[in-house]
$ cat data15.cif   # mmCIF, C-alpha atoms
data_my_file
#
loop_
_atom_site.label_atom_id
_atom_site.label_comp_id
_atom_site.auth_asym_id
_atom_site.auth_seq_id
_atom_site.Cartn_x
_atom_site.Cartn_y
_atom_site.Cartn_z
CA MET L 1 0.00 0.00 0.00
CA ARG L 2 1.24 3.47 -0.85
CA LYS L 3 0.45 6.44 1.29
CA VAL L 4 1.11 10.18 1.45
CA VAL L 5 2.78 11.71 4.47
CA VAL L 6 2.48 15.48 4.79
CA SER L 7 4.76 17.21 7.28
CA SER L 8 3.02 19.36 9.88
CA THR L 9 3.49 21.21 13.11
CA ILE L 10 1.82 19.23 15.90
CA ALA L 11 0.20 20.67 19.03
CA ALA L 12 3.12 19.93 21.29
CA GLY L 13 5.21 22.34 19.27
CA PHE L 14 7.53 19.90 17.52
CA PHE L 15 8.09 20.34 13.76
CA LEU L 16 8.55 17.17 11.80
CA ALA L 17 11.01 18.19 9.09
CA GLY L 18 11.31 16.23 5.90
CA PRO L 19 10.04 16.04 2.34
CA GLN L 20 6.51 17.12 1.67
CA ILE L 21 5.57 13.80 0.12
CA ALA L 22 7.13 10.43 0.85
CA ASP L 23 6.51 6.97 -0.50
CA ALA L 24 6.26 4.31 2.17
CA ALA L 25 4.59 0.96 2.69
CA LEU L 26 4.41 -1.53 5.53
CA GLY L 27 7.57 -3.61 5.29
CA ASP L 28 9.81 -0.88 3.87
CA GLN L 29 11.58 -0.55 7.20
CA THR L 30 12.20 -2.70 10.26
CA LEU L 31 10.05 -1.67 13.20
CA ARG L 32 11.10 -2.09 16.81
CA LEU L 33 10.48 -0.90 20.38
CA GLY L 34 10.50 2.88 20.86
CA MET L 35 9.58 3.86 17.29
CA THR L 36 6.71 6.19 16.40
CA HIS L 37 5.58 6.01 12.76
CA SER L 38 2.54 5.53 10.56
CA ASP L 39 3.99 2.12 9.62
CA VAL L 40 3.61 1.14 13.27
CA THR L 41 -0.09 2.02 13.01
CA GLU L 42 -0.41 -0.30 10.00
CA LEU L 43 1.46 -3.04 11.84
CA GLN L 44 -0.84 -2.71 14.86
CA ASN L 45 -3.93 -2.87 12.64
CA ALA L 46 -2.61 -5.97 10.87
CA LEU L 47 -1.89 -7.66 14.20
CA LYS L 48 -5.29 -6.60 15.49
CA GLU L 49 -7.04 -8.25 12.52
CA LYS L 50 -5.34 -11.52 13.43
CA GLY L 51 -6.16 -11.17 17.12
CA PHE L 52 -2.69 -10.45 18.50
CA PHE L 53 -2.90 -6.70 19.18
CA THR L 54 -5.70 -6.24 21.71
CA TYR L 55 -5.31 -2.61 22.67
CA GLU L 56 -8.47 -0.60 21.92
CA ARG L 57 -6.88 1.35 19.04
CA ALA L 58 -3.74 1.62 16.95
CA THR L 59 -1.47 4.31 18.41
CA GLY L 60 1.46 4.49 16.02
CA TYR L 61 3.84 3.98 18.94
CA TYR L 62 5.84 0.75 19.18
CA GLY L 63 5.62 0.16 22.92
CA THR L 64 5.79 -3.01 25.00
CA VAL L 65 2.20 -3.97 24.11
CA THR L 66 3.06 -3.94 20.38
CA GLU L 67 6.32 -5.76 21.01
CA GLN L 68 4.49 -8.51 22.90
CA ALA L 69 1.89 -8.78 20.13
CA VAL L 70 4.70 -9.22 17.58
CA ARG L 71 6.33 -11.87 19.77
CA ASP L 72 3.04 -13.77 20.07
CA PHE L 73 2.51 -13.62 16.30
CA GLN L 74 6.07 -14.77 15.62
CA ARG L 75 5.70 -17.67 18.05
CA ALA L 76 2.39 -18.75 16.48
CA ASN L 77 3.95 -18.68 13.01
CA ASN L 78 7.24 -20.46 13.84
CA LEU L 79 9.35 -17.34 13.26
CA THR L 80 12.31 -16.09 15.26
CA VAL L 81 10.74 -14.63 18.40
CA ASP L 82 12.49 -11.31 19.00
CA GLY L 83 9.63 -8.77 19.11
CA ILE L 84 11.10 -6.94 16.09
CA ALA L 85 8.92 -6.58 13.00
CA GLY L 86 11.23 -7.37 10.11
CA ARG L 87 10.98 -8.88 6.62
CA GLN L 88 9.87 -12.39 7.69
CA THR L 89 7.26 -11.04 10.09
CA PHE L 90 5.80 -8.73 7.44
CA ALA L 91 5.73 -11.56 4.90
CA ALA L 92 3.78 -13.76 7.31
CA LEU L 93 1.39 -10.92 8.14
CA LYS L 94 0.68 -10.17 4.47
CA GLY L 95 0.40 -13.78 3.38
CA ASN L 96 -2.63 -15.98 3.85
CA SER L 97 -0.54 -18.45 5.77
CA GLY L 98 -0.16 -16.19 8.79
CA GLN L 99 -1.73 -17.95 11.76
CA ALA L 100 -4.31 -16.10 13.85
CA ALA L 101 -4.09 -15.85 17.60
CA PRO L 102 -4.73 -19.26 19.17
CA SER L 103 -7.68 -19.93 21.43
CA THR L 104 -6.58 -23.22 22.96
CA PRO L 105 -8.89 -24.84 25.50
CA ALA L 106 -7.60 -26.61 28.58
CA PRO L 107 -6.78 -30.17 27.49
CA SER L 108 -7.94 -31.97 30.63
CA ALA L 109 -11.42 -30.51 31.01
CA PRO L 110 -13.85 -28.09 29.38
CA PRO L 111 -12.59 -24.57 30.07
CA ALA L 112 -14.47 -22.19 32.33
CA SER L 113 -14.28 -19.59 29.59
CA SER L 114 -13.12 -19.19 26.02
CA ALA L 115 -11.96 -15.63 26.70
CA ILE L 116 -8.28 -14.79 26.25
CA LEU L 117 -7.11 -11.62 27.95
CA ARG L 118 -3.64 -10.20 27.56
CA ARG L 119 -1.75 -6.98 28.19
CA GLY L 120 -3.43 -4.02 26.52
CA ALA L 121 -7.01 -5.27 26.96
CA ASN L 122 -9.41 -2.75 28.48
CA ASN L 123 -12.88 -4.03 29.42
CA SER L 124 -15.05 -5.36 32.24
CA GLN L 125 -13.67 -8.89 31.76
CA VAL L 126 -10.28 -7.57 32.86
CA GLY L 127 -11.97 -6.12 35.95
CA ASN L 128 -13.44 -9.55 36.74
CA LEU L 129 -9.98 -11.08 36.36
CA GLN L 130 -8.39 -8.46 38.64
CA GLN L 131 -11.05 -9.04 41.30
CA ALA L 132 -10.54 -12.81 41.18
CA LEU L 133 -6.76 -12.38 41.51
CA LYS L 134 -7.34 -9.88 44.32
CA ASP L 135 -9.55 -12.36 46.19
CA LYS L 136 -6.70 -14.87 46.12
CA GLY L 137 -4.01 -12.40 47.14
CA TYR L 138 -2.16 -11.97 43.85
CA TYR L 139 -3.38 -8.49 42.91
CA SER L 140 -3.20 -5.66 45.44
CA HIS L 141 -4.35 -2.63 43.45
CA SER L 142 -7.66 -1.09 42.51
CA VAL L 143 -9.82 -2.83 39.91
CA THR L 144 -9.25 -0.69 36.81
CA ASN L 145 -10.44 -2.88 33.87
CA ILE L 146 -7.03 -2.18 32.27
CA TYR L 147 -4.70 -5.15 31.62
CA GLY L 148 -1.38 -3.45 32.29
CA ALA L 149 1.99 -4.59 33.62
CA ILE L 150 0.71 -5.04 37.19
CA THR L 151 -2.16 -7.31 36.11
CA GLU L 152 0.17 -9.27 33.84
CA GLU L 153 2.62 -9.83 36.70
CA ALA L 154 -0.23 -10.94 38.99
CA VAL L 155 -1.34 -13.47 36.36
CA ARG L 156 2.23 -14.75 36.01
CA LYS L 157 2.53 -15.28 39.77
CA PHE L 158 -0.80 -17.08 39.89
CA GLN L 159 0.18 -19.30 36.96
CA ALA L 160 3.54 -20.17 38.53
CA ALA L 161 1.88 -21.08 41.85
CA ASN L 162 -0.64 -23.32 40.11
CA ASN L 163 1.70 -25.15 37.72
CA LEU L 164 0.28 -23.47 34.63
CA LYS L 165 2.17 -22.15 31.62
CA VAL L 166 3.65 -18.85 32.82
CA ASP L 167 2.99 -16.38 30.00
CA GLY L 168 1.02 -13.60 31.71
CA ILE L 169 -1.97 -14.27 29.43
CA ALA L 170 -5.29 -15.14 31.07
CA GLY L 171 -6.75 -17.94 28.97
CA PRO L 172 -9.12 -20.85 29.62
CA GLN L 173 -6.70 -22.77 31.85
CA THR L 174 -6.00 -19.72 34.01
CA PHE L 175 -9.70 -18.92 34.37
CA ALA L 176 -10.43 -22.57 35.19
CA ALA L 177 -7.78 -22.56 37.93
CA LEU L 178 -9.21 -19.32 39.30
CA GLY L 179 -12.62 -20.97 39.43
CA THR L 180 -14.23 -18.16 37.47
CA SER L 181 -15.25 -17.24 33.95
CA GLY L 182 -13.80 -14.39 31.95
CA ASN L 183 -17.39 -13.41 31.14
CA ASN L 184 -18.81 -13.35 34.66
CA THR L 185 -20.23 -10.08 35.90
CA SER L 186 -18.48 -10.65 39.19
CA SER L 187 -15.60 -12.89 40.15
CA SER L 188 -15.73 -12.30 43.85
CA GLY L 189 -17.61 -14.33 46.39
CA SER L 190 -18.00 -18.03 47.03
CA ASN L 191 -17.75 -19.17 43.43
CA SER L 192 -14.22 -17.94 43.01
CA SER L 193 -12.90 -18.88 46.42
CA ASN L 194 -14.65 -22.17 47.24
CA ASN L 195 -14.92 -23.91 43.88
CA SER L 196 -11.25 -23.70 43.02
CA ASN L 197 -8.20 -25.51 44.30
CA ALA L 198 -5.98 -22.65 43.17
CA ALA L 199 -3.03 -21.97 45.44
CA PRO L 200 -3.22 -18.74 47.43
CA ALA L 201 -0.50 -16.16 46.99
CA PRO L 202 2.63 -17.35 48.80
CA SER L 203 3.72 -15.51 51.91
CA PRO L 204 6.92 -13.50 51.41
CA GLU L 205 8.23 -14.80 54.73
CA GLN L 206 7.15 -17.33 57.35
CA SER L 207 6.12 -15.25 60.35
CA THR L 208 3.06 -14.06 62.20
CA ASN L 209 3.28 -10.88 60.11
CA SER L 210 3.15 -12.59 56.71
CA SER L 211 -0.33 -11.33 55.78
CA LEU L 212 -0.93 -8.31 53.57
CA LEU L 213 -3.25 -5.61 54.87
CA ARG L 214 -4.52 -3.11 52.31
CA GLU L 215 -7.51 -0.92 51.54
CA GLY L 216 -10.61 -3.10 51.85
CA SER L 217 -9.12 -5.43 54.49
CA LYS L 218 -11.17 -5.94 57.64
CA GLY L 219 -10.78 -7.72 60.94
CA ASN L 220 -8.75 -7.92 64.13
CA SER L 221 -5.44 -7.65 62.26
CA VAL L 222 -6.48 -4.24 60.92
CA THR L 223 -7.59 -3.15 64.41
CA GLN L 224 -4.18 -4.16 65.79
CA LEU L 225 -2.42 -2.29 62.99
CA GLN L 226 -4.43 0.85 63.74
CA ASP L 227 -3.69 0.55 67.47
CA ASN L 228 0.04 0.18 66.78
CA LEU L 229 0.16 3.12 64.38
CA ARG L 230 -1.69 5.27 66.90
CA SER L 231 0.76 4.41 69.67
CA LEU L 232 3.60 5.45 67.37
CA GLY L 233 1.89 8.73 66.48
CA PHE L 234 0.95 7.95 62.89
CA PHE L 235 -2.79 7.31 63.23
CA ASN L 236 -5.28 9.67 64.89
CA GLY L 237 -8.60 7.94 64.15
CA ASN L 238 -10.59 5.26 65.92
CA SER L 239 -9.54 1.64 65.56
CA THR L 240 -12.43 0.32 63.50
CA GLY L 241 -10.96 -2.84 61.99
CA ASN L 242 -11.69 -1.38 58.56
CA PHE L 243 -8.68 -0.56 56.36
CA ALA L 244 -9.89 2.58 54.57
CA SER L 245 -8.09 5.57 53.06
CA VAL L 246 -7.25 7.13 56.44
CA THR L 247 -5.43 3.95 57.49
CA ALA L 248 -3.67 3.73 54.13
CA GLN L 249 -2.47 7.31 54.58
CA ALA L 250 -1.14 6.47 58.06
CA VAL L 251 0.71 3.46 56.65
CA ARG L 252 2.27 5.61 53.90
CA THR L 253 3.38 8.17 56.48
CA PHE L 254 5.06 5.44 58.51
CA GLN L 255 6.68 3.97 55.40
CA VAL L 256 8.09 7.33 54.32
CA ALA L 257 9.45 7.97 57.82
CA HIS L 258 11.23 4.61 57.84
CA ASN L 259 12.47 4.47 54.23
CA LEU L 260 10.08 1.73 53.10
CA THR L 261 8.19 1.53 49.82
CA ALA L 262 5.42 4.10 50.29
CA ASP L 263 2.51 2.15 48.77
CA GLY L 264 0.07 2.27 51.70
CA VAL L 265 0.02 -1.54 51.92
CA ALA L 266 1.01 -3.10 55.24
CA GLY L 267 3.01 -6.12 54.15
CA PRO L 268 5.65 -8.20 55.97
CA ARG L 269 8.38 -5.55 55.85
CA THR L 270 6.10 -2.78 57.09
CA LEU L 271 4.53 -4.91 59.82
CA SER L 272 7.95 -6.15 60.96
CA LYS L 273 9.24 -2.57 61.09
CA ILE L 274 6.25 -1.52 63.19
CA ASP L 275 6.98 -4.37 65.63
CA GLU L 276 10.66 -3.41 65.69
CA VAL L 277 9.87 0.24 66.50
CA LEU L 278 7.31 -0.74 69.16
CA LYS L 279 9.96 -2.86 70.89
CA ASN L 280 12.64 -0.19 70.53
CA PRO L 281 11.11 3.31 70.83
CA SER L 282 14.48 4.92 70.11
CA LEU L 283 13.98 3.91 66.47
CA SER L 284 10.73 5.85 66.26
CA THR L 285 10.55 8.69 63.76
CA PRO L 286 7.29 10.53 64.49
CA PRO L 287 5.72 12.23 61.48
CA THR L 288 5.90 15.95 61.00
CA GLN L 289 2.38 17.29 61.13
CA ASN L 290 1.11 18.91 57.97
CA THR L 291 -0.18 22.41 58.59
CA GLY L 292 -2.23 22.24 55.40
CA ASN L 293 -0.23 25.07 53.82
CA ASN L 294 2.02 23.12 51.47
CA ASN L 295 2.57 26.09 49.21
CA THR L 296 4.37 28.24 51.76
CA ASN L 297 6.45 25.82 53.78
CA VAL L 298 7.14 22.58 51.95
CA SER L 299 10.64 22.23 53.37
CA GLY L 300 9.36 22.50 56.94
CA ASN L 301 6.83 19.73 56.40
CA THR L 302 8.87 17.35 54.29
CA GLY L 303 7.57 14.12 55.83
CA ALA L 304 3.92 15.06 55.48
CA PHE L 305 4.49 16.57 52.03
CA VAL L 306 6.15 13.43 50.66
CA THR L 307 3.43 11.25 52.17
CA ASN L 308 0.75 13.34 50.50
CA ILE L 309 2.62 13.18 47.19
CA MET L 310 2.61 9.38 47.47
CA ALA L 311 -1.08 9.32 48.31
CA ASN L 312 -1.93 11.59 45.38
CA ALA L 313 0.15 9.56 42.94
CA SER L 314 -1.25 6.22 44.12
CA LYS L 315 -4.86 7.20 43.62
CA TYR L 316 -4.21 7.52 39.87
CA ILE L 317 -2.90 3.95 39.42
CA GLY L 318 -4.68 2.46 36.43
CA THR L 319 -5.33 5.80 34.71
CA PRO L 320 -4.67 5.34 30.97
CA TYR L 321 -1.83 6.99 29.09
CA LEU L 322 -2.75 9.97 26.92
CA TRP L 323 -0.22 12.05 24.99
CA GLY L 324 -0.49 15.60 26.33
CA GLY L 325 -2.86 14.44 29.09
CA THR L 326 -2.96 16.27 32.43
CA THR L 327 -6.22 14.98 33.94
CA ALA L 328 -7.63 11.76 35.39
CA ARG L 329 -8.97 10.94 31.92
CA GLY L 330 -5.38 10.30 30.85
CA PHE L 331 -1.79 11.39 31.56
CA ASP L 332 1.51 11.51 29.81
CA CYS L 333 4.55 11.17 32.09
CA SER L 334 5.21 14.83 32.81
CA GLY L 335 1.50 15.68 32.92
CA PHE L 336 1.13 13.10 35.69
CA ILE L 337 4.02 14.67 37.64
CA GLN L 338 2.64 18.17 37.17
CA THR L 339 -0.83 17.18 38.38
CA VAL L 340 0.36 15.27 41.46
CA PHE L 341 2.58 18.14 42.62
CA ARG L 342 0.00 20.80 41.77
CA GLU L 343 -2.47 19.06 44.10
CA GLN L 344 0.06 19.67 46.87
CA GLY L 345 0.39 23.34 46.00
CA VAL L 346 3.67 23.04 44.11
CA SER L 347 3.92 24.42 40.59
CA VAL L 348 6.27 22.52 38.28
CA PRO L 349 6.99 22.99 34.55
CA ARG L 350 5.12 20.99 31.94
CA THR L 351 7.66 18.81 30.13
CA ALA L 352 10.07 16.18 31.42
CA ALA L 353 13.07 18.19 30.18
CA GLN L 354 11.82 21.34 31.95
CA GLN L 355 11.18 19.37 35.14
CA TRP L 356 14.73 18.01 34.95
CA ASN L 357 16.08 21.57 34.75
CA ALA L 358 13.85 22.77 37.60
CA GLY L 359 14.91 20.12 40.10
CA ARG L 360 17.90 19.91 42.42
CA THR L 361 20.23 17.02 41.55
CA VAL L 362 20.54 14.25 44.16
CA SER L 363 23.03 11.39 43.94
CA GLN L 364 20.55 8.78 45.18
CA PRO L 365 16.76 9.19 45.00
CA SER L 366 14.62 9.26 48.13
CA VAL L 367 10.88 8.72 48.30
CA GLY L 368 9.16 11.64 46.54
CA ASP L 369 12.08 12.52 44.25
CA LEU L 370 11.71 12.49 40.48
CA VAL L 371 13.65 9.89 38.48
CA PHE L 372 14.43 10.54 34.82
CA PHE L 373 15.10 8.33 31.81
CA GLU L 374 16.31 8.76 28.25
CA THR L 375 13.86 7.01 25.91
CA TYR L 376 12.83 8.14 22.43
CA GLN L 377 15.19 11.13 22.17
CA PRO L 378 18.48 12.23 23.75
CA GLY L 379 18.20 13.75 27.21
CA PRO L 380 15.42 13.42 29.80
CA SER L 381 12.30 12.29 27.93
CA HIS L 382 10.48 10.26 30.59
CA ASN L 383 10.11 10.55 34.34
CA GLY L 384 8.28 9.26 37.38
CA ILE L 385 8.15 9.57 41.17
CA TYR L 386 10.45 7.38 43.26
CA ILE L 387 8.54 5.38 45.90
CA GLY L 388 11.40 3.42 47.49
CA ASN L 389 12.78 -0.10 47.08
CA ASN L 390 14.12 0.86 43.64
CA GLN L 391 10.59 1.37 42.29
CA PHE L 392 8.84 4.35 40.75
CA ILE L 393 5.30 5.32 39.85
CA HIS L 394 4.82 6.82 36.40
CA ALA L 395 2.52 7.15 33.40
CA GLY L 396 3.90 4.63 30.93
CA SER L 397 2.87 4.82 27.28
CA SER L 398 1.81 1.16 27.20
CA THR L 399 0.73 0.72 30.83
CA GLY L 400 -0.88 3.96 31.99
CA VAL L 401 -0.12 4.95 35.58
CA THR L 402 1.63 2.03 37.22
CA ILE L 403 4.47 1.05 39.58
CA THR L 404 7.61 -0.27 37.89
CA SER L 405 11.03 -1.49 38.99
CA MET L 406 13.95 0.69 37.95
CA SER L 407 16.02 -2.49 37.73
CA ASN L 408 14.16 -4.09 34.84
CA SER L 409 15.89 -4.60 31.53
CA TYR L 410 14.16 -1.67 29.83
CA TRP L 411 14.48 1.11 32.42
CA ALA L 412 17.84 0.31 34.03
CA PRO L 413 20.04 1.20 31.02
CA ARG L 414 17.97 4.34 30.31
CA TYR L 415 18.22 5.86 33.79
CA LEU L 416 19.69 9.40 33.81
CA GLY L 417 19.43 10.54 37.40
CA ALA L 418 17.19 11.95 40.12
CA LYS L 419 15.97 15.45 40.95
CA ARG L 420 14.27 16.91 44.04
CA LEU L 421 11.50 19.49 43.81
CA HIS L 422 10.78 19.93 47.53
#

$ encode --input "data15.cif" --output "structure tokens"
Amino acid sequence: MRKVVVSSTIAAGFFLAGPQIADAALGDQTLRLGMTHSDVTELQNALKEKGFFTYERATGYYGTVTEQAVRDFQRANNLTVDGIAGRQTFAALKGNSGQAAPSTPAPSAPPASSAILRRGANNSQVGNLQQALKDKGYYSHSVTNIYGAITEEAVRKFQAANNLKVDGIAGPQTFAALGTSGNNTSSSGSNSSNNSNAAPAPSPEQSTNSSLLREGSKGNSVTQLQDNLRSLGFFNGNSTGNFASVTAQAVRTFQVAHNLTADGVAGPRTLSKIDEVLKNPSLSTPPTQNTGNNNTNVSGNTGAFVTNIMANASKYIGTPYLWGGTTARGFDCSGFIQTVFREQGVSVPRTAAQQWNAGRTVSQPSVGDLVFFETYQPGPSHNGIYIGNNQFIHAGSSTGVTITSMSNSYWAPRYLGAKRLH
């Protein structure tokens, strides 16, 4: 297919220089991760027709969702599986011999569902899957209906624990093991927990503090957590046994004060630290009280400010990526940063490069600092907020707002440095 490409000035202010008219067709160039091009749009549409690209629309950006779709297509068609769309991949896509996405039922028994969900899907079936994984302890975030990196990782962990093929794709065998259907209106309740022999999420450590307490948890363990946080000065409410937003905020405040991952989830490390501080009061680091005037005295309320930044950032987990987005309908990376800090009364520039220039360089990031990466162009072109434990929260182009490890194979070599805005 031949197409016309007319150069233009786009809204973000970048001018795409080049000839006024160019001849191009899918297959004229090799496509790989990080590229943005109309050929990528054609590739995504071709993969979508065969059932491998499940994102709601073609974006023209070759992100991790597109790379995974290419890998799946290559695997199904006995090609070299490298996630790069080259000559052989294009030939298979254009030819009639290209195999469509498989829909393989569980061999031992009729599957609970014929649905296949993978990264990039965005519908209520994904929400049902997330709730089922949440019920069994593999998924600890809000139900978003978006199949991003966090959901994929939860599926992988569940599959590994239940001796299934570990591919991060929720197919018939995974749904059968969960004891639910991909088409159910609800995956919570007795059907998902009593009719399945699926293994629960493994405890990170064998101790009395191995349970995870998060928003939505209820019971005596939550009451004890609230009592302990109150005695340490981090919780001012009544001990209700209900883990709601106030308790999550208290947990984040404690985590920030003790250099733990500030995710508001009371897991083994947080619970062990609370016990340690209760037994040794000299280790206690009481929170600085927030006066409510973040705009005038951020430096004097650093602990409370950072905690509030973490709380603001966390509430947007699952928000989709949108180029130029600065609202809860969708964010790009710097728009997410700008919004989170603005809600705490701090004005920051709009772009990642401007935010890099506005910050104070730190040798090692602390919770609440910005971490920067070099991606599609030289210099700082992507950023996020450091949350501890070598993790950051950011608006990824293929994941939306999510928590990611800085040590993974994509982000580690692209890391530029950290900046502090408070």

$ closest_residue --input "data15.cif" --among "L:Lys157, L:Leu322, L:Gly137, L:Ile116" --to "L:Pro172" --atoms "only C-alpha atoms"
L:Ile116

$ residues_near_point --input "data15.cif" --point "(-5.6, -5.7, 48.3)" --cutoff "6 Å" --atoms "only C-alpha atoms" --output "list of chain:residue names"
L:Ser140, L:His141, L:Arg214

$ residues_around --input "data15.cif" --residues "stretch 345-358 of chain L" --least-positions-apart "6" --cutoff "8 Å" --atoms "all atoms listed in the file" --output "CSV table (one decimal) with C-alpha atoms, in the frame of the given file"
chain,number,residue,atom,x,y,z
L,294,ASN,CA,2.0,23.1,51.5
L,295,ASN,CA,2.6,26.1,49.2
L,333,CYS,CA,4.6,11.2,32.1
L,334,SER,CA,5.2,14.8,32.8
L,335,GLY,CA,1.5,15.7,32.9
L,338,GLN,CA,2.6,18.2,37.2
L,372,PHE,CA,14.4,10.5,34.8
L,379,GLY,CA,18.2,13.8,27.2
L,380,PRO,CA,15.4,13.4,29.8
L,381,SER,CA,12.3,12.3,27.9
L,382,HIS,CA,10.5,10.3,30.6
L,383,ASN,CA,10.1,10.6,34.3
L,419,LYS,CA,16.0,15.4,41.0
L,421,LEU,CA,11.5,19.5,43.8

$ closest_atom_pairs --input "data15.cif" --of "stretch 244-271 of chain L" --to "stretch 397-415 of chain L" --cutoff "12 Å" --atoms "only C-alpha atoms" --output "tab-separated table"
residue	atom	partner	partner_atom	distance
L:Thr261	CA	L:Ile403	CA	10.9
L:Ala262	CA	L:Ile403	CA	11.2
L:Asp263	CA	L:Ile403	CA	9.5

$ write_last_selection --input "data15.cif" --atoms "C-alpha atoms" --output "CSV table (one decimal), in the coordinates of the input"
chain,number,residue,atom,x,y,z
L,261,THR,CA,8.2,1.5,49.8
L,262,ALA,CA,5.4,4.1,50.3
L,263,ASP,CA,2.5,2.2,48.8

$ residues_around --input "data15.cif" --residues "L:Met35" --least-positions-apart "4" --cutoff "8 Å" --atoms "only C-alpha atoms" --output "PyMOL selection string"
chain L and resi 31+40+61-63+376

$ atom_distance --input "data15.cif" --atom1 "atom CA of L:Val265" --atom2 "atom CA of L:Asn122"
25.3 Å

$ resolve_selection --input "data15.cif" --expression "the PyMOL selection byres ((chain L and resi 143) around 6)" --output "number ranges by chain"
L: 127, 130, 142, 144

$ atom_distance --input "data15.cif" --atom1 "atom CA of L:Phe341" --atom2 "atom CA of L:Phe235"
23.9 Å

$ resolve_selection --input "data15.cif" --expression "the PyMOL selection byres ((chain L and resi 320) around 6)" --output "number ranges by chain"
L: 319, 321, 330, 400

$ residues_around --input "data15.cif" --residues "stretch 71-76 of chain L" --least-positions-apart "2" --cutoff "12 Å" --atoms "all atoms listed in the file" --output "PyMOL selection string"
chain L and resi 32-33+43-44+46-54+64-69+78-93+97-104+118-119+167-169

$ resolve_selection --input "data15.cif" --expression "the PyMOL selection byres ((chain L and resi 386) around 10)" --output "PyMOL selection string"
chain L and resi 261-262+310+365-372+383-385+387-394+403-406+418

$ atom_distance --input "data15.cif" --atom1 "atom CA of L:Asn162" --atom2 "atom CA of L:Tyr147"
20.5 Å

$ residues_near_point --input "data15.cif" --point "(0.1, 8.4, 61.3)" --cutoff "7 Å" --atoms "only C-alpha atoms" --output "number ranges by chain"
L: 229-230, 233-236, 250-251, 253-254, 287

$ write_last_selection --input "data15.cif" --atoms "C-alpha atoms" --output "JSON list (two decimals), in the coordinates of the input"
[["chain", "number", "residue", "atom", "x", "y", "z"],
["L", 229, "LEU", "CA", 0.16, 3.12, 64.38],
["L", 230, "ARG", "CA", -1.69, 5.27, 66.90],
["L", 233, "GLY", "CA", 1.89, 8.73, 66.48],
["L", 234, "PHE", "CA", 0.95, 7.95, 62.89],
["L", 235, "PHE", "CA", -2.79, 7.31, 63.23],
["L", 236, "ASN", "CA", -5.28, 9.67, 64.89],
["L", 250, "ALA", "CA", -1.14, 6.47, 58.06],
["L", 251, "VAL", "CA", 0.71, 3.46, 56.65],
["L", 253, "THR", "CA", 3.38, 8.17, 56.48],
["L", 254, "PHE", "CA", 5.06, 5.44, 58.51],
["L", 287, "PRO", "CA", 5.72, 12.23, 61.48]]

$ closest_residue --input "data15.cif" --among "L:Ala58, L:Val340, L:Leu164, L:Ala170" --to "L:Val126" --atoms "only C-alpha atoms"
L:Ala170

$ closest_residue --input "data15.cif" --among "L:Gly417, L:Gln249, L:Arg342, L:Gln377" --to "L:Arg360" --atoms "only C-alpha atoms"
L:Gly417

$ closest_residue --input "data15.cif" --among "L:Thr151, L:Gly241, L:Glu215, L:Ala177" --to "L:Asn163" --atoms "all atoms listed in the file"
L:Ala177

$ closest_residue --input "data15.cif" --among "L:Phe331, L:Tyr316, L:Phe336, L:Phe305" --to "L:His422" --atoms "all atoms listed in the file"
L:Phe305

$ residues_around --input "data15.cif" --residues "L:Gln224" --least-positions-apart "4" --cutoff "12 Å" --atoms "only C-alpha atoms" --output "PyMOL selection string"
chain L and resi 209+213+218-220+228-231+235+238-243+247+266+271+274-275
